[in-house]
file target-v3.csv (CSV, C-alpha atoms)
chain,number,residue,atom,x,y,z
J,50,MET,CA,-11.9,-1.1,5.0
J,51,SER,CA,-15.1,-1.7,3.1
J,52,ASP,CA,-18.7,-1.4,3.7
J,53,PRO,CA,-20.6,-4.6,3.1
J,54,ALA,CA,-23.9,-2.8,3.5
J,55,LEU,CA,-23.1,-0.8,0.3
J,56,SER,CA,-23.3,-3.6,-2.2
J,57,PRO,CA,-25.3,-6.7,-1.1
J,58,ALA,CA,-23.9,-9.7,-2.9
J,59,PRO,CA,-26.1,-10.6,-5.8
J,60,VAL,CA,-27.5,-14.1,-5.8
J,61,GLN,CA,-26.0,-15.8,-8.8
J,62,GLU,CA,-24.4,-19.0,-10.0
J,63,ALA,CA,-20.7,-19.3,-9.9
J,64,LYS,CA,-19.0,-18.8,-13.3
J,65,PRO,CA,-16.7,-21.6,-14.6
J,66,ALA,CA,-13.4,-21.4,-12.9
J,67,PRO,CA,-10.8,-19.2,-14.7
J,68,THR,CA,-7.5,-20.5,-15.8
J,69,PRO,CA,-4.3,-19.5,-14.1
J,70,SER,CA,-3.3,-17.3,-17.0
J,71,LYS,CA,-6.6,-15.4,-16.8
J,72,ILE,CA,-6.1,-15.0,-13.1
J,73,PHE,CA,-2.6,-13.7,-13.8
J,74,ARG,CA,-3.9,-11.2,-16.3
J,75,VAL,CA,-6.5,-9.8,-14.0
J,76,PHE,CA,-4.2,-9.5,-11.0
J,77,PHE,CA,-1.5,-8.0,-13.3
J,78,GLY,CA,-4.1,-5.3,-14.2
J,79,ILE,CA,-4.7,-4.6,-10.5
J,80,GLY,CA,-0.9,-4.6,-9.8
J,81,ILE,CA,-0.2,-2.0,-12.5
J,82,THR,CA,-3.0,0.4,-11.9
J,83,SER,CA,-3.3,0.5,-8.1
J,84,PHE,CA,-1.3,3.6,-7.4
J,85,GLY,CA,-1.5,5.2,-3.9
J,86,GLY,CA,-2.2,2.3,-1.6
J,87,GLY,CA,-5.7,1.0,-0.6
J,88,LEU,CA,-4.9,-2.1,-2.6
J,89,VAL,CA,-7.6,-4.2,-0.9
J,90,ALA,CA,-10.3,-1.9,-2.3
J,91,TYR,CA,-8.9,-2.4,-5.8
J,92,LEU,CA,-8.9,-6.1,-5.2
J,93,GLN,CA,-12.5,-6.0,-4.0
J,94,ASP,CA,-13.7,-4.0,-7.0
J,95,GLU,CA,-12.1,-6.4,-9.4
J,96,ILE,CA,-12.7,-9.8,-7.8
J,97,VAL,CA,-16.2,-9.2,-6.4
J,98,GLY,CA,-17.4,-6.4,-8.7
J,99,LYS,CA,-16.1,-6.9,-12.2
J,100,GLN,CA,-15.1,-10.6,-12.4
J,101,LYS,CA,-17.7,-11.9,-9.9
J,102,TRP,CA,-15.2,-14.5,-8.8
J,103,MET,CA,-16.1,-14.2,-5.2
J,104,THR,CA,-19.2,-13.0,-3.3
J,105,GLU,CA,-18.8,-10.0,-1.0
J,106,ASP,CA,-19.0,-12.4,2.1
J,107,ASP,CA,-16.3,-14.7,0.7
J,108,PHE,CA,-14.1,-11.7,0.1
J,109,LEU,CA,-14.6,-10.3,3.6
J,110,ALA,CA,-13.9,-13.7,5.1
J,111,ALA,CA,-10.7,-13.9,3.0
J,112,LEU,CA,-9.7,-10.4,4.1
J,113,GLU,CA,-10.2,-11.4,7.8
J,114,ILE,CA,-7.8,-14.3,7.4
J,115,GLY,CA,-5.4,-12.1,5.5
J,116,GLN,CA,-5.4,-9.5,8.2
J,117,THR,CA,-5.0,-12.0,11.0
J,118,LEU,CA,-2.1,-14.0,9.5
J,119,PRO,CA,1.3,-12.5,8.9
J,120,GLY,CA,2.2,-11.0,5.5
J,121,LEU,CA,0.7,-8.1,3.5
J,122,ASN,CA,-3.1,-8.0,3.6
J,123,SER,CA,-3.3,-7.6,-0.2
J,124,ALA,CA,-0.9,-10.4,-1.0
J,125,ASN,CA,-2.7,-12.7,1.4
J,126,VAL,CA,-6.1,-12.0,-0.1
J,127,ALA,CA,-4.6,-12.6,-3.5
J,128,ILE,CA,-3.3,-16.0,-2.3
J,129,ILE,CA,-6.7,-17.0,-0.9
J,130,ALA,CA,-8.6,-15.8,-4.0
J,131,GLY,CA,-6.2,-17.6,-6.3
J,132,ARG,CA,-6.5,-20.8,-4.3
J,133,LYS,CA,-10.3,-20.8,-4.4
J,134,LEU,CA,-10.2,-20.2,-8.2
J,135,ALA,CA,-7.5,-22.6,-9.3
J,136,GLY,CA,-5.6,-24.1,-6.5
J,137,PRO,CA,-1.8,-23.6,-6.0
J,138,ARG,CA,-1.3,-22.4,-9.6
J,139,GLY,CA,-4.1,-19.9,-9.1
J,140,SER,CA,-2.4,-18.6,-5.9
J,141,LEU,CA,0.9,-18.3,-7.7
J,142,ALA,CA,-0.6,-16.5,-10.7
J,143,ALA,CA,-2.5,-14.1,-8.4
J,144,LEU,CA,0.5,-13.2,-6.3
J,145,LEU,CA,2.9,-12.8,-9.3
J,146,GLY,CA,0.4,-10.7,-11.1
J,147,LEU,CA,-0.1,-8.4,-8.2
J,148,VAL,CA,3.6,-8.0,-7.3
J,149,LEU,CA,5.5,-8.1,-10.6
J,150,PRO,CA,4.4,-4.8,-12.2
J,151,GLY,CA,5.3,-2.8,-9.1
J,152,ALA,CA,8.6,-4.7,-8.7
J,153,VAL,CA,9.6,-3.8,-12.3
J,154,ILE,CA,8.6,-0.2,-11.9
J,155,LEU,CA,10.5,0.0,-8.6
J,156,CYS,CA,13.5,-1.5,-10.4
J,157,ILE,CA,13.4,1.4,-12.8
J,158,LEU,CA,12.8,4.0,-10.0
J,159,GLY,CA,15.7,2.4,-8.1
J,160,VAL,CA,18.1,2.8,-11.0
J,161,LEU,CA,17.0,6.4,-11.6
J,162,TYR,CA,17.4,7.0,-7.9
J,163,GLU,CA,20.9,5.6,-7.9
J,164,ARG,CA,21.9,7.8,-10.8
J,165,PHE,CA,20.2,11.1,-9.8
J,166,HIS,CA,19.7,11.2,-6.1
J,167,LYS,CA,22.7,13.5,-5.7
J,168,ASN,CA,21.2,16.0,-8.2
J,169,PRO,CA,19.9,18.9,-6.1
J,170,ASP,CA,16.6,19.1,-8.0
J,171,VAL,CA,15.9,15.4,-7.5
J,172,ALA,CA,17.1,15.4,-3.9
J,173,ALA,CA,14.8,18.3,-3.1
J,174,ALA,CA,11.8,16.6,-4.7
J,175,LEU,CA,12.7,13.3,-2.9
J,176,ALA,CA,12.8,15.1,0.4
J,177,GLY,CA,9.3,16.3,-0.1
J,178,ILE,CA,8.1,12.8,-1.2
J,179,ALA,CA,9.8,11.2,1.8
J,180,ALA,CA,8.1,13.7,4.2
J,181,ALA,CA,4.8,12.9,2.5
J,182,ALA,CA,5.3,9.1,2.9
J,183,VAL,CA,5.7,9.6,6.7
J,184,GLY,CA,2.4,11.5,6.7
J,185,LEU,CA,0.6,8.7,4.8
J,186,LEU,CA,1.8,6.0,7.2
J,187,LEU,CA,0.9,8.1,10.3
J,188,GLN,CA,-2.5,8.7,8.9
J,189,VAL,CA,-3.2,5.0,8.3
J,190,THR,CA,-1.9,4.2,11.8
J,191,LEU,CA,-4.2,6.8,13.4
J,192,LYS,CA,-7.1,5.7,11.4
J,193,ILE,CA,-6.7,2.0,12.1
J,194,GLY,CA,-5.8,2.6,15.7
J,195,LYS,CA,-8.6,5.0,16.5
J,196,LYS,CA,-10.1,2.6,19.1
J,197,GLN,CA,-6.8,1.6,20.6
J,198,PHE,CA,-5.7,5.2,21.2
J,199,LEU,CA,-8.8,5.9,23.2
J,200,ARG,CA,-8.8,2.8,25.4
J,201,PRO,CA,-6.3,3.2,28.3
J,202,LEU,CA,-5.3,-0.5,28.4
J,203,ASP,CA,-4.8,-0.7,24.7
J,204,LEU,CA,-2.9,2.6,24.7
J,205,PHE,CA,-0.6,1.2,27.3
J,206,PHE,CA,0.3,-1.7,25.0
J,207,VAL,CA,0.6,0.7,22.0
J,208,ILE,CA,3.2,2.7,24.0
J,209,VAL,CA,5.0,-0.3,25.4
J,210,THR,CA,5.3,-1.8,21.9
J,211,PHE,CA,6.4,1.5,20.4
J,212,VAL,CA,9.2,2.1,23.0
J,213,LEU,CA,10.4,-1.5,22.9
J,214,SER,CA,10.5,-1.9,19.1
J,215,GLY,CA,11.0,1.7,17.9
J,216,ILE,CA,13.4,3.2,20.5
J,217,LEU,CA,15.1,0.2,22.2
J,218,HIS,CA,15.2,-2.0,19.1
J,219,VAL,CA,14.0,-5.0,21.0
J,220,SER,CA,13.6,-7.8,18.4
J,221,LEU,CA,10.2,-8.3,16.9
J,222,VAL,CA,10.3,-11.9,18.0
J,223,ALA,CA,10.6,-10.8,21.6
J,224,VAL,CA,7.8,-8.3,21.3
J,225,LEU,CA,5.4,-10.7,19.5
J,226,PHE,CA,6.1,-13.6,21.9
J,227,ILE,CA,6.3,-11.7,25.2
J,228,VAL,CA,4.1,-8.6,24.9
J,229,ALA,CA,1.5,-10.0,22.6
J,230,PRO,CA,0.6,-13.0,24.8
J,231,LEU,CA,0.2,-10.7,27.8
J,232,ALA,CA,-2.2,-8.6,25.8
J,233,ILE,CA,-4.1,-11.6,24.5
J,234,MET,CA,-4.4,-13.0,28.1
J,235,LEU,CA,-5.9,-9.8,29.2
J,236,TYR,CA,-8.6,-10.2,26.5
J,237,ARG,CA,-9.0,-14.0,27.1
J,238,PRO,CA,-12.5,-15.4,26.7
J,239,ARG,CA,-14.3,-15.2,30.0
J,240,ASN,CA,-16.9,-17.9,30.6
J,241,ASN,CA,-18.2,-16.6,33.8
J,242,LYS,CA,-19.4,-13.3,32.2
J,243,ALA,CA,-22.4,-13.0,30.0
J,244,PRO,CA,-21.7,-14.8,26.8
J,245,THR,CA,-21.2,-12.5,23.8
J,246,PRO,CA,-23.9,-12.9,21.3
W,67,MET,CA,26.9,-15.4,-1.4
W,68,LYS,CA,27.1,-14.7,2.4
W,69,GLU,CA,25.3,-11.4,1.8
W,70,LEU,CA,22.5,-13.2,-0.1
W,71,VAL,CA,22.1,-15.7,2.8
W,72,GLN,CA,21.9,-12.9,5.3
W,73,LEU,CA,19.3,-11.1,3.1
W,74,LEU,CA,17.3,-14.3,2.9
W,75,ASN,CA,17.4,-14.8,6.7
W,76,VAL,CA,16.5,-11.3,7.6
W,77,PHE,CA,13.6,-10.9,5.2
W,78,SER,CA,12.1,-14.4,5.6
W,79,LEU,CA,11.9,-13.8,9.3
W,80,LEU,CA,10.3,-10.4,8.7
W,81,SER,CA,7.8,-12.1,6.4
W,82,ILE,CA,6.6,-14.4,9.1
W,83,LEU,CA,6.6,-11.6,11.7
W,84,ALA,CA,4.5,-9.2,9.6
W,85,VAL,CA,1.4,-9.4,11.7
W,86,GLY,CA,-1.2,-6.9,10.7
W,87,GLY,CA,0.5,-6.0,7.5
W,88,GLY,CA,3.9,-5.0,6.2
W,89,SER,CA,4.1,-1.7,8.1
W,90,ALA,CA,4.4,-3.6,11.4
W,91,VAL,CA,7.9,-4.8,10.4
W,92,LEU,CA,9.2,-1.4,9.3
W,93,PRO,CA,11.0,-0.6,12.6
W,94,GLN,CA,12.7,-4.0,12.7
W,95,MET,CA,13.5,-3.8,9.0
W,96,GLU,CA,15.1,-0.3,9.4
W,97,HIS,CA,17.1,-1.6,12.4
W,98,GLU,CA,18.4,-4.7,10.6
W,99,THR,CA,19.1,-3.1,7.2
W,100,VAL,CA,20.5,0.2,8.4
W,101,GLY,CA,21.9,-0.5,11.8
W,102,VAL,CA,23.0,-4.1,11.9
W,103,HIS,CA,23.9,-5.0,8.3
W,104,GLN,CA,24.4,-1.5,6.8
W,105,TRP,CA,23.0,-2.5,3.5
W,106,VAL,CA,21.5,1.0,3.1
W,107,THR,CA,22.0,4.3,4.9
W,108,ALA,CA,19.2,5.8,7.0
W,109,ASP,CA,18.7,8.4,4.3
W,110,SER,CA,18.3,5.9,1.5
W,111,PHE,CA,16.0,3.7,3.6
W,112,ALA,CA,13.6,6.6,3.9
W,113,SER,CA,13.9,7.4,0.2
W,114,ILE,CA,13.4,3.7,-0.8
W,115,TYR,CA,10.3,3.6,1.5
W,116,SER,CA,8.9,6.6,-0.3
W,117,LEU,CA,9.7,5.2,-3.7
W,118,GLY,CA,7.5,2.3,-2.7
W,119,GLN,CA,4.6,4.7,-2.2
W,120,MET,CA,5.0,5.9,-5.8
W,121,ALA,CA,4.9,2.5,-7.5
W,122,PRO,CA,1.7,0.6,-8.1
W,123,GLY,CA,1.0,-2.7,-6.3
W,124,PRO,CA,1.9,-3.5,-2.7
W,125,ASN,CA,4.0,-0.6,-1.2
W,126,MET,CA,6.2,-3.1,0.6
W,127,THR,CA,7.6,-4.4,-2.7
W,128,MET,CA,10.1,-1.6,-2.0
W,129,VAL,CA,12.0,-4.2,0.0
W,130,GLY,CA,13.4,-5.4,-3.3
W,131,LEU,CA,15.3,-2.2,-3.7
W,132,ILE,CA,17.1,-2.8,-0.3
W,133,GLY,CA,18.2,-6.2,-1.8
W,134,TYR,CA,19.3,-4.4,-4.9
W,135,LYS,CA,21.4,-2.0,-3.0
W,136,ALA,CA,22.9,-4.8,-0.9
W,137,SER,CA,23.8,-7.1,-3.8
W,138,GLY,CA,22.4,-6.2,-7.1
W,139,ILE,CA,19.7,-8.0,-9.1
W,140,ALA,CA,20.3,-11.3,-7.2
W,141,GLY,CA,19.8,-9.5,-4.0
W,142,MET,CA,16.5,-8.0,-5.2
W,143,ILE,CA,15.2,-11.4,-6.3
W,144,VAL,CA,16.3,-13.1,-3.0
W,145,VAL,CA,14.7,-10.4,-0.9
W,146,LEU,CA,11.4,-10.4,-2.9
W,147,LEU,CA,11.1,-14.2,-2.6
W,148,ALA,CA,12.1,-14.2,1.1
W,149,PHE,CA,9.6,-11.4,1.9
W,150,TYR,CA,6.6,-12.8,0.0
W,151,LEU,CA,6.9,-16.6,0.0
W,152,PRO,CA,7.0,-17.6,3.7
W,153,SER,CA,3.8,-15.6,4.7
W,154,SER,CA,2.2,-16.7,1.4
W,155,PHE,CA,2.8,-20.4,2.1
W,156,LEU,CA,1.5,-20.0,5.6
W,157,VAL,CA,-1.7,-18.2,4.4
W,158,TYR,CA,-2.2,-20.9,1.7
W,159,VAL,CA,-2.1,-23.7,4.3
W,160,VAL,CA,-3.9,-22.0,7.1
W,161,SER,CA,-6.8,-20.6,5.0
W,162,HIS,CA,-7.6,-24.2,4.2
W,163,ILE,CA,-8.2,-25.1,7.8
W,164,TRP,CA,-9.4,-21.8,8.9
W,165,ASP,CA,-13.0,-22.8,9.3
W,166,ALA,CA,-12.0,-25.2,12.1
W,167,PHE,CA,-11.1,-22.1,14.2
W,168,LYS,CA,-14.1,-20.0,13.2
W,169,GLU,CA,-16.1,-20.5,16.4
W,170,ASN,CA,-13.1,-20.6,18.8
W,171,PRO,CA,-13.5,-17.9,21.4
W,172,TRP,CA,-9.8,-17.4,21.5
W,173,ARG,CA,-9.8,-15.9,18.0
W,174,ASP,CA,-11.5,-12.8,19.3
W,175,SER,CA,-9.1,-12.6,22.1
W,176,ILE,CA,-6.1,-12.8,19.8
W,177,GLN,CA,-7.5,-10.2,17.5
W,178,LYS,CA,-8.3,-7.8,20.4
W,179,GLY,CA,-4.9,-8.4,22.0
W,180,MET,CA,-2.9,-8.1,18.8
W,181,ALA,CA,-4.6,-4.8,17.7
W,182,PRO,CA,-2.6,-2.5,20.0
W,183,ILE,CA,0.6,-4.4,19.3
W,184,THR,CA,0.2,-3.8,15.6
W,185,ILE,CA,-0.6,-0.1,16.1
W,186,GLY,CA,2.5,0.2,18.4
W,187,LEU,CA,4.6,-1.4,15.7
W,188,MET,CA,3.2,0.9,13.0
W,189,LEU,CA,3.9,3.9,15.1
W,190,ALA,CA,7.5,2.7,15.5
W,191,GLY,CA,7.5,2.4,11.7
W,192,VAL,CA,6.5,6.1,11.5
W,193,TYR,CA,9.3,6.9,13.8
W,194,ALA,CA,11.8,4.7,11.9
W,195,VAL,CA,11.2,6.5,8.7
W,196,GLY,CA,10.3,9.9,10.2
W,197,LYS,CA,13.6,10.3,12.1
W,198,THR,CA,15.3,10.9,8.8
W,199,ALA,CA,12.5,12.0,6.5
W,200,SER,CA,10.7,14.4,8.7
W,201,PHE,CA,13.0,15.6,11.4
W,202,GLU,CA,16.8,15.2,11.3
W,203,VAL,CA,18.9,17.2,13.8
W,204,SER,CA,21.7,17.9,11.3
W,205,ARG,CA,19.4,19.8,9.0
W,206,PRO,CA,18.5,23.4,9.4
W,207,GLY,CA,15.3,24.2,11.4
W,208,TRP,CA,13.4,25.6,8.6
W,209,PHE,CA,13.9,22.4,6.5
W,210,ASN,CA,12.6,20.2,9.4
W,211,ALA,CA,9.7,22.6,9.8
W,212,VAL,CA,8.7,22.1,6.2
W,213,THR,CA,9.0,18.3,6.2
W,214,VAL,CA,7.1,18.0,9.4
W,215,ALA,CA,4.4,20.4,8.0
W,216,ILE,CA,4.1,18.3,4.8
W,217,GLY,CA,3.5,15.2,6.9
W,218,LEU,CA,1.0,16.7,9.2
W,219,ALA,CA,-0.8,18.4,6.3
W,220,ILE,CA,-1.2,15.0,4.6
W,221,VAL,CA,-2.6,13.5,7.8
W,222,ALA,CA,-5.1,16.4,8.1
W,223,LEU,CA,-6.1,16.3,4.4
W,224,LEU,CA,-6.7,12.6,4.4
W,225,PHE,CA,-8.9,12.8,7.5
W,226,ILE,CA,-10.9,15.5,5.8
W,227,ARG,CA,-11.3,13.8,2.4
W,228,ARG,CA,-10.2,10.6,0.8
W,229,PHE,CA,-7.7,12.1,-1.6
W,230,ASN,CA,-5.7,9.8,-3.8
W,231,PRO,CA,-2.4,9.4,-1.9
W,232,ALA,CA,-0.4,9.2,-5.2
W,233,VAL,CA,-1.6,12.7,-6.0
W,234,LEU,CA,-0.6,14.0,-2.5
W,235,ILE,CA,2.9,12.4,-2.9
W,236,LEU,CA,3.4,14.0,-6.3
W,237,LEU,CA,2.3,17.4,-4.9
W,238,SER,CA,4.8,17.0,-2.0
W,239,GLY,CA,7.5,16.2,-4.5
W,240,VAL,CA,6.7,19.5,-6.3
W,241,ILE,CA,6.7,21.4,-3.1
W,242,GLY,CA,10.0,19.8,-2.2
W,243,TRP,CA,11.5,20.7,-5.6
W,244,PHE,CA,10.7,24.4,-5.0
W,245,VAL,CA,11.4,24.6,-1.3
W,246,LEU,CA,13.6,21.9,0.2
W,247,ARG,CA,17.0,23.0,-1.1
W,248,LEU,CA,20.0,23.0,1.2
W,249,ASN,CA,22.4,25.2,-0.9

call {"tool": "encode", "arguments": {"input": "target-v3.csv", "output": "structure tokens"}}
result
Amino acid sequence: MSDPALSPAPVQEAKPAPTPSKIFRVFFGIGITSFGGGLVAYLQDEIVGKQKWMTEDDFLAALEIGQTLPGLNSANVAIIAGRKLAGPRGSLAALLGLVLPGAVILCILGVLYERFHKNPDVAAALAGIAAAAVGLLLQVTLKIGKKQFLRPLDLFFVIVTFVLSGILHVSLVAVLFIVAPLAIMLYRPRNNKAPTP
Amino acid sequence: MKELVQLLNVFSLLSILAVGGGSAVLPQMEHETVGVHQWVTADSFASIYSLGQMAPGPNMTMVGLIGYKASGIAGMIVVLLAFYLPSSFLVYVVSHIWDAFKENPWRDSIQKGMAPITIGLMLAGVYAVGKTASFEVSRPGWFNAVTVAIGLAIVALLFIRRFNPAVLILLSGVIGWFVLRLN
């Protein structure tokens, strides 16, 4: 996702905490310019790089929490950053700023879609765009899953999950609370082996 | 009103179940919104998903459009709140007490065990969108060949270089405009 070795966190004093409205403005700026995915990188540039609201390490710790817990990684990081800067109001400001611009633009796209999707020109362009969206998602999956596809045990769980959820439409609750515990048990901490450093 | 409650139920559950990011709930979302509740057709689900790729901000904000199709502006607002708030509250609270778990050896186990599940769910998401957007049996073979080729070309291009996905999407739209016509 990001390479902490690239930019070592500069040692510096924390700036005075920003107000919720300042937080909203900054996240709104990210929310309206971040075309094409990779939102976490945009967040990192702004929060760590430009505003210096968090150190690189703090950001990566927030990202780790955001990735482990449910919800969108970018939204989760915004919540955590907002909380550290200004408590609950900071979180709310960050989340709203991040999501609102895209939601408004999607509203407009949605109305246009409703009106024009039967138009043959638009339908043809949309077919190309939808085909591209599948490619984007597949690429992200392959990139994140590189390790899992190469390890037989992991690959087994990838395939089981795919078949249960994608083909058989087994509910996500069942998958997460039956298959996931099995996978976690297989990776359970082992005290009898050499302790990991 | 009943519709709004159903939207609220479906999307707040999806919010809490979105482990490893929003793409993990795509297969279940497709099943619920297209198959079970029929708020959108399979075709418009794929289109709405791709509209999400064209807007700035989190791609999954596209869920609002499913709410919009199901019950107008109220539906959109309900879905956006249902999809963002539950996981956000959870993160807000848990990130407070996270440090208590930092050294727990089970955290590593959970991460290692969850990783293949997340990947499996994302693959199922590719399938859920791809079965209409990339390969649909009712369409002529050449059409499917082009849509599959666009998808694979994007995978290859992104592995070669970090192109801006928004540009690739626009280019694919242009290719579609020229090529993907059925009559």

call {"tool": "atom_distance", "arguments": {"input": "target-v3.csv", "atom1": "CA of Ala124 (chain J)", "atom2": "CA of Leu144 (chain J)"}}
result
6.2 Å

call {"tool": "closest_residue", "arguments": {"input": "target-v3.csv", "among": "W:Ser89, W:Thr107, W:Gln72, W:Ser137", "to": "chain J", "atoms": "only C-alpha atoms"}}
result
W:Ser89

call {"tool": "residues_near_point", "arguments": {"input": "target-v3.csv", "point": "(8.4, -1.1, 0.3)", "cutoff": "9 Å", "atoms": "all atoms listed in the file", "output": "ChimeraX atom specification"}}
result
/W:88-89,114-119,124-132

call {"tool": "atom_distance", "arguments": {"input": "target-v3.csv", "atom1": "CA of Val148 (chain J)", "atom2": "CA of Gly80 (chain J)"}}
result
6.2 Å

call {"tool": "closest_residue", "arguments": {"input": "target-v3.csv", "among": "W:Thr99, W:Ser81, W:Gln104, W:Asn170", "to": "chain J", "atoms": "only C-alpha atoms"}}
result
W:Ser81

call {"tool": "residues_around", "arguments": {"input": "target-v3.csv", "residues": "Lys71 (chain J)", "least_positions_apart": "3", "cutoff": "12 Å", "atoms": "all atoms listed in the file", "output": "MDAnalysis selection string"}}
result
chainID J and resid 66:68 74:78 100 102 131 134:135 138:139 142:143 146

call {"tool": "closest_residue", "arguments": {"input": "target-v3.csv", "among": "J:Gly215, J:Pro238, J:Gly177, J:Gly159", "to": "Ser110 (chain W)", "atoms": "only C-alpha atoms"}}
result
J:Gly159

call {"tool": "residues_near_point", "arguments": {"input": "target-v3.csv", "point": "(-8.6, -0.7, 19.7)", "cutoff": "10 Å", "atoms": "all atoms listed in the file", "output": "count of residues only"}}
result
21

call {"tool": "residues_around", "arguments": {"input": "target-v3.csv", "residues": "Ile79 (chain J)", "least_positions_apart": "3", "cutoff": "8 Å", "atoms": "all atoms listed in the file", "output": "list in words"}}
result
Val75, Phe76, Thr82, Ser83, Tyr91, Leu92, Glu95, Gly146 and Leu147 of chain J; Gly123 of chain W

call {"tool": "closest_residue", "arguments": {"input": "target-v3.csv", "among": "W:Pro206, W:Gly101, W:Gly239, W:Gly141", "to": "chain J", "atoms": "only C-alpha atoms"}}
result
W:Gly239
